[in-house]
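Read through the structure below, which is laid out as structure tokens, and then see the notes.
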Amino acid sequence: MSLLVAEEITKTFAGITALDRVDIDVEPSELVGLIGPNGAGKTTLFNCLLGIFKADGGRVLFEGRDLARVATHRRARLGLARTFQRIELFSGMSPRDHFLVAERVRNGRGALWKDVLFLGGPTASENARVDAMLELLGLTDVGDRPIESLSLGVGRLVEIGRALMTEPKLVLLDEPSSGLDRHETEALARQLRAVQSERGFAILLVEHDVEFVRSLVARVFVLDFGTVIASGPTEEVFADSAVRKAYLGDGI
Amino acid sequence: MEKLLAALIDGVAFGCVYALLAVGLTLAYKTSGVFNIAFAVQAFASGAIYYQLHVTDGWGIVPAFVVAVLIVAPLLGIILDRALFRFLRSAPPMARLITALGLLVAIPQIVLIWFDETTAVNPKGIVPGGDVVYHIFGAALDRDQLSIIVLAALVALGLTLVFRYTTLGIRMRAVVESPRMAELAGTDSDRISTAAWVMSSLVAGLAGVLLPTVTQQVGDIYYTTLLTAAIAAVVLGSLTSIPIAFVGALGLGIVQELLNQYLPVNSVIASNLRPSLPFVVLFLVLILSPRLRNRKELTDPLASVDPPPPAPASGQRSRELTIATRVAAVIFCLGIGYYVFVHGNASVVGQAIQVVIYSIIFCSIVVITGIAGEVSFAQATFAGIGGFASAQLASSAGMSVLLTIVIGGVVAAAVGALLAIPALRLGGIFLTLATYAFALFFDNVVVSLSWVSGGLFPVVAPRPQLGPIDFASDGSFLALCLVILAVVGIVVIRVRSGTTGRYLSAVRGSEVAAASVGINPTRARITAFALSAGIAGVGGALLVSYEGHASKIDFSAEIGLFWVVLVVTLGSRTVEGAIQAALGFVLFSARILSDWIPWLVNHVQPFLHVGPLSPAIEFIFFGLGAVTYARHPEGILEANKTKSLAWIQAKIDRFKSRGSTPSAEVAPAGTGSAP
């Protein structure tokens, strides 16, 4: 059974069709790319998959379950995590706090009365898991610094770590390399591959950096003007002339 | 038919007053980014000056109008811009709202220093022979009404044209969006901003002189109440559309007059619905308008270049200093306690009780504003709900007072949660407005019902009793209140550092990201609202029990605004801040202004005898104090605490390093002399 199936997703904004009957699917532990020019509808599709936008048509199945009536935060608890193109971090909190919040939600230990009865502090196992994640992403040194004092590259790693703390089955990565230089991008790809092979979650990656996509995913979907114009193994799709025209430009 | 026409004409005139206020407020928000709730008091200043000059001093209409509207109003706008809001342009919307709130509290008191509003009746309009009546198909329309209608329509039309067809309008919007970005694109933000303030202040001045002919009296309360009604129209226009705000305000005025005419005068509905209509409409518009759903507030695209907010003071001190400050605090509190319990006379103990009770109530503001990051104007209402519920249950049902205090808290928490459910999808300034509408609705309608407050005779509230212990004496009641404050304080501190605090902090940082890891933002905020309202309710129940009766003036919407100003200015993030705010609230007018300052002045110099100072100074002092919020969102006391702790820490470090350096210097000297 596919992990994620999106069938005929349609979304219009004030008469403009952002997504027109888009079909995509992701298998468990699979690395899938979603590429397309700016404005093709990639982020809109993410928002529909996560329930931030309500799609006008079509349905999303996650592990065979229809997500139509599942709120965003519930989808996260089912194992659907994401990062953001314009990073969305919790201002004033440290990377450790970010991970701790995600870990606490996953445990479902967030009752008010526990705080009042001095049971709200992090447990040893939670601290251990948070430390392990900081270690995994190489953030141990900056773990207690406020997020505002850290660079964009570190911010992206914190977003990824926060998503991974929820023990997702599928992570939606929205342009993780944007705003990073070549060196940082390569390091990010290396880290992603390492973490993925260790934990085995699936990735749906929106990305502009062709090298980044090639180095990470085996299969891609190409979105242009809200429709899927091509899909298949990465190298085949990049060789396709229609894709080159829509995405890479004619001259290449 | 004639009746309908008369109601329509009255309604249009009334609606035009709303419209002037609504258009002015929209203009102010559009061009300065400030939701200027002090707009009403700007109008009041001009109205008062015009009355003083024209009616009291007998000036002609033209010179009085020139001074009040064309000179004073823009001048006030320029002062507000240059001295305050210019520095807040890149501040978060909440900082600007708090600053405007401070002005709303302070300006009327400044005006009232020389203007006596209790005698300001029979105002005159700005056209000669204002009471000349024209008849249109048998319905009456006087010249004052006509002048309001014409001027309101002209202002709305003129401003709409300015925004549609001139570059000035576009520049103003750019400066609001991002002043720094506008400057990078070659616009002088300072000049544009001054122009915007002059424009909106002119409208405020015009509204100020026109409005008294409708209310028949010049008083700041009329301006504030009418402005709240106008806010409904402003919100209808999503805070930005001048034509929609105008039409909405007009409609509101007409509906109100129609209700006036057609509802039976003495029915329950009429006596309750009519005064509450504006607040009900505001509330409904807020929670039903689809355009406000998940609407993001204006945020500066360059906001990320600002430095992060400072960490709490307590996190920056070393272990020794932490222990030292804690020991000092305990000794200090014990000293105060000893003085109050052993040597305090009745008035000292009474004030101590009030300080403790208000500390409890202000802890509710710490929860909602300091932890959850939302501003609620309804905290006094929640306290009132707790107080009235507790008093009614204790005196009518004869329940144990300790139990009714708890029930009061639970009832307030339930109301808080119920209010939060529809209002919370708004967030930010709209949520604040919804709480304000609720507070005013409670204040104007609910509180006068006899099953709530006892009507004319305030409901009696007895003191609690626990088995053999009777808390009738002030000393034992103070002890009880202290115990409750300790419990509430611990709850607040635990919640802030526990899971709920982290979730709320995450939601505050980024709602969409919080949801993406599985936090339910609505539930987190409802928890905060219910907890905050519950704490306020317990405090309110204690307050009525202390006073012996539930009096509605303790819980009015205005006093609630003042509480927010006080706590947020002094420090809304800590329980300490709440206690300091309570000290200020209880002692500033009762002790400092009436005893201590006159005593000090009369002792220092023999020439001038100073009597007790006016309690109005309290409002001016703390109202103007709120302008420090933008620089120190953590509160001035918290900021100074950080500073002084850092200073002491530096001294300690220097002392320590001096203690260790000699040995470091001695060592080489010793090795040198050894051989």
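Chains: A, B, ... in order of the structure tokens. Residues: from 1 per chain. Ligands: from 1, in order shown.
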>> Please identify all residues of chain A having at least one atom at most 7 Å from any atom of chain B, considering only C-alpha atoms, and return them as a ChimeraX atom specification.
In response: /A:72-74,76-77,81-82,88-92,101-102,105,110,112,115-116,118,120-121,148,163,166
With N, CA and C atoms retained, could you export that selection as a CSV table (one decimal), in the first residue's frame?
```
chain,number,residue,atom,x,y,z
A,72,THR,N,-4.9,19.8,10.8
A,72,THR,CA,-3.5,19.9,10.6
A,72,THR,C,-2.7,19.2,11.7
A,73,HIS,N,-3.0,19.6,12.9
A,73,HIS,CA,-2.2,19.1,14.0
A,73,HIS,C,-2.4,17.6,14.2
A,74,ARG,N,-3.6,17.1,13.8
A,74,ARG,CA,-3.8,15.6,13.9
A,74,ARG,C,-3.0,14.9,12.8
A,76,ALA,N,-0.2,15.8,11.7
A,76,ALA,CA,1.2,15.7,12.3
A,76,ALA,C,1.3,14.5,13.2
A,77,ARG,N,0.3,14.2,14.0
A,77,ARG,CA,0.4,13.1,14.9
A,77,ARG,C,0.3,11.7,14.2
A,81,ALA,N,5.0,15.1,8.6
A,81,ALA,CA,5.8,16.3,9.1
A,81,ALA,C,6.2,17.2,7.9
A,82,ARG,N,6.6,18.4,8.2
A,82,ARG,CA,7.0,19.3,7.1
A,82,ARG,C,8.0,20.3,7.6
A,88,GLU,N,9.9,28.8,9.6
A,88,GLU,CA,8.9,29.1,10.6
A,88,GLU,C,9.4,28.5,11.9
A,89,LEU,N,10.1,29.3,12.7
A,89,LEU,CA,10.6,28.8,14.0
A,89,LEU,C,9.9,29.5,15.1
A,90,PHE,N,10.1,28.9,16.3
A,90,PHE,CA,9.4,29.5,17.5
A,90,PHE,C,10.4,30.5,18.1
A,91,SER,N,10.0,31.8,17.9
A,91,SER,CA,11.0,32.9,18.3
A,91,SER,C,11.2,32.8,19.8
A,92,GLY,N,12.4,33.1,20.2
A,92,GLY,CA,12.7,33.2,21.6
A,92,GLY,C,13.1,31.8,22.2
A,101,VAL,N,9.6,20.4,22.5
A,101,VAL,CA,8.2,20.6,22.3
A,101,VAL,C,7.6,19.5,21.4
A,102,ALA,N,8.4,19.3,20.3
A,102,ALA,CA,7.9,18.2,19.3
A,102,ALA,C,7.8,16.9,20.0
A,105,VAL,N,4.8,16.6,22.4
A,105,VAL,CA,3.6,16.4,21.6
A,105,VAL,C,3.5,15.0,21.2
A,110,GLY,N,0.9,16.4,27.5
A,110,GLY,CA,0.8,17.8,27.7
A,110,GLY,C,-0.3,18.3,28.5
A,112,LEU,N,-2.4,20.2,31.5
A,112,LEU,CA,-2.2,21.3,32.4
A,112,LEU,C,-2.0,20.9,33.8
A,115,ASP,N,1.6,20.1,34.8
A,115,ASP,CA,2.5,21.3,35.0
A,115,ASP,C,2.3,21.7,36.5
A,116,VAL,N,1.0,21.8,36.9
A,116,VAL,CA,0.8,22.4,38.2
A,116,VAL,C,1.3,21.5,39.3
A,118,PHE,N,4.0,19.8,39.2
A,118,PHE,CA,5.5,19.7,39.1
A,118,PHE,C,5.9,18.5,38.2
A,120,GLY,N,5.7,18.7,34.8
A,120,GLY,CA,5.8,19.2,33.5
A,120,GLY,C,7.3,19.2,32.9
A,121,GLY,N,8.3,19.0,33.7
A,121,GLY,CA,9.6,19.1,33.3
A,121,GLY,C,10.0,18.0,32.3
A,148,GLU,N,17.1,33.2,17.3
A,148,GLU,CA,17.3,34.4,16.6
A,148,GLU,C,18.8,34.6,16.3
A,163,ALA,N,10.9,18.5,12.7
A,163,ALA,CA,10.0,17.6,12.0
A,163,ALA,C,10.3,16.1,12.3
A,166,THR,N,9.0,14.3,15.5
A,166,THR,CA,7.7,13.7,15.6
A,166,THR,C,7.6,12.3,15.1
```
Would you kindly return, as a PDB file with C-alpha atoms, in the first residue's frame, each protein, DNA or RNA residue with an atom no farther than 8 Å from any atom of range 142-146 of chain A, considering only C-alpha atoms and excluding same-chain residues fewer than 2 positions away?
```
ATOM      1  CA  SER A  91      10.966  32.850  18.286  1.00  0.00           C
ATOM      2  CA  GLY A  92      12.736  33.165  21.614  1.00  0.00           C
ATOM      3  CA  MET A  93      13.242  29.424  21.986  1.00  0.00           C
ATOM      4  CA  SER A  94      16.454  27.422  21.626  1.00  0.00           C
ATOM      5  CA  PRO A  95      16.912  24.455  19.248  1.00  0.00           C
ATOM      6  CA  ARG A  96      16.660  22.201  22.300  1.00  0.00           C
ATOM      7  CA  LEU A 134      21.065  17.570  18.332  1.00  0.00           C
ATOM      8  CA  LEU A 139      23.671  21.134  16.604  1.00  0.00           C
ATOM      9  CA  THR A 140      24.981  20.156  20.042  1.00  0.00           C
ATOM     10  CA  GLU A 148      17.324  34.381  16.560  1.00  0.00           C
ATOM     11  CA  SER A 149      21.066  34.342  17.061  1.00  0.00           C
ATOM     12  CA  LEU A 150      21.598  31.423  14.669  1.00  0.00           C
TER      13      LEU A 150
END
```
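Computed from the coordinates, the CA of Ile16 in chain A to CA of Asp224 in chain A distance equals 13.9 Å.
Counting only C-alpha atoms, Ala533 in chain B has the following residues at most 7 Å away, ignoring those fewer than 2 positions along the same chain: Ser364, Gln379, Phe382, Ala412, Ala413, Gly416, Phe529, Ala530, Leu531, Ile535, Ala536 and Gly537 of chain B.
Proximity to His98 in chain A was assessed for A:Arg214, A:Arg199, A:Arg162, A:Arg21 counting only C-alpha atoms; the smallest distance is recorded for A:Arg162.
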>> So that I can check the surroundings of Gly584 in chain B, please list as a VMD selection string every protein, DNA and RNA residue that reaches within 12 Å of it, counting only C-alpha atoms and ignoring chain neighbours fewer than 2 positions away.
In response: chain B and resid 351 to 352 354 to 356 358 to 359 362 562 to 563 565 to 567 569 to 570 577 to 582 586 to 593 618 to 619 621 to 622 637
>> When you look at Glu638 in chain B with a cut-off of 10 Å (counting only C-alpha atoms), what residues show up, excluding the ones that are within fewer than 2 positions of it in the same chain? I need them as a ChimeraX atom specification.
In response: /B:312-314,569-574,576-577,632-636,640-644
> Can you list, as number ranges by chain, every residue of range 331-387 of chain B that DSSP puts in alpha helix (DSSP H)?
Replying inline: B: 331-338, 346-365, 379-387
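We find CA of Leu624 in chain B and CA of Gly102 in chain B to be spaced 5.8 Å apart.
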> To one decimal place, how far is CA of Thr31 in chain B from CA of Arg173 in chain B in Å?
Replying inline: 5.8 Å
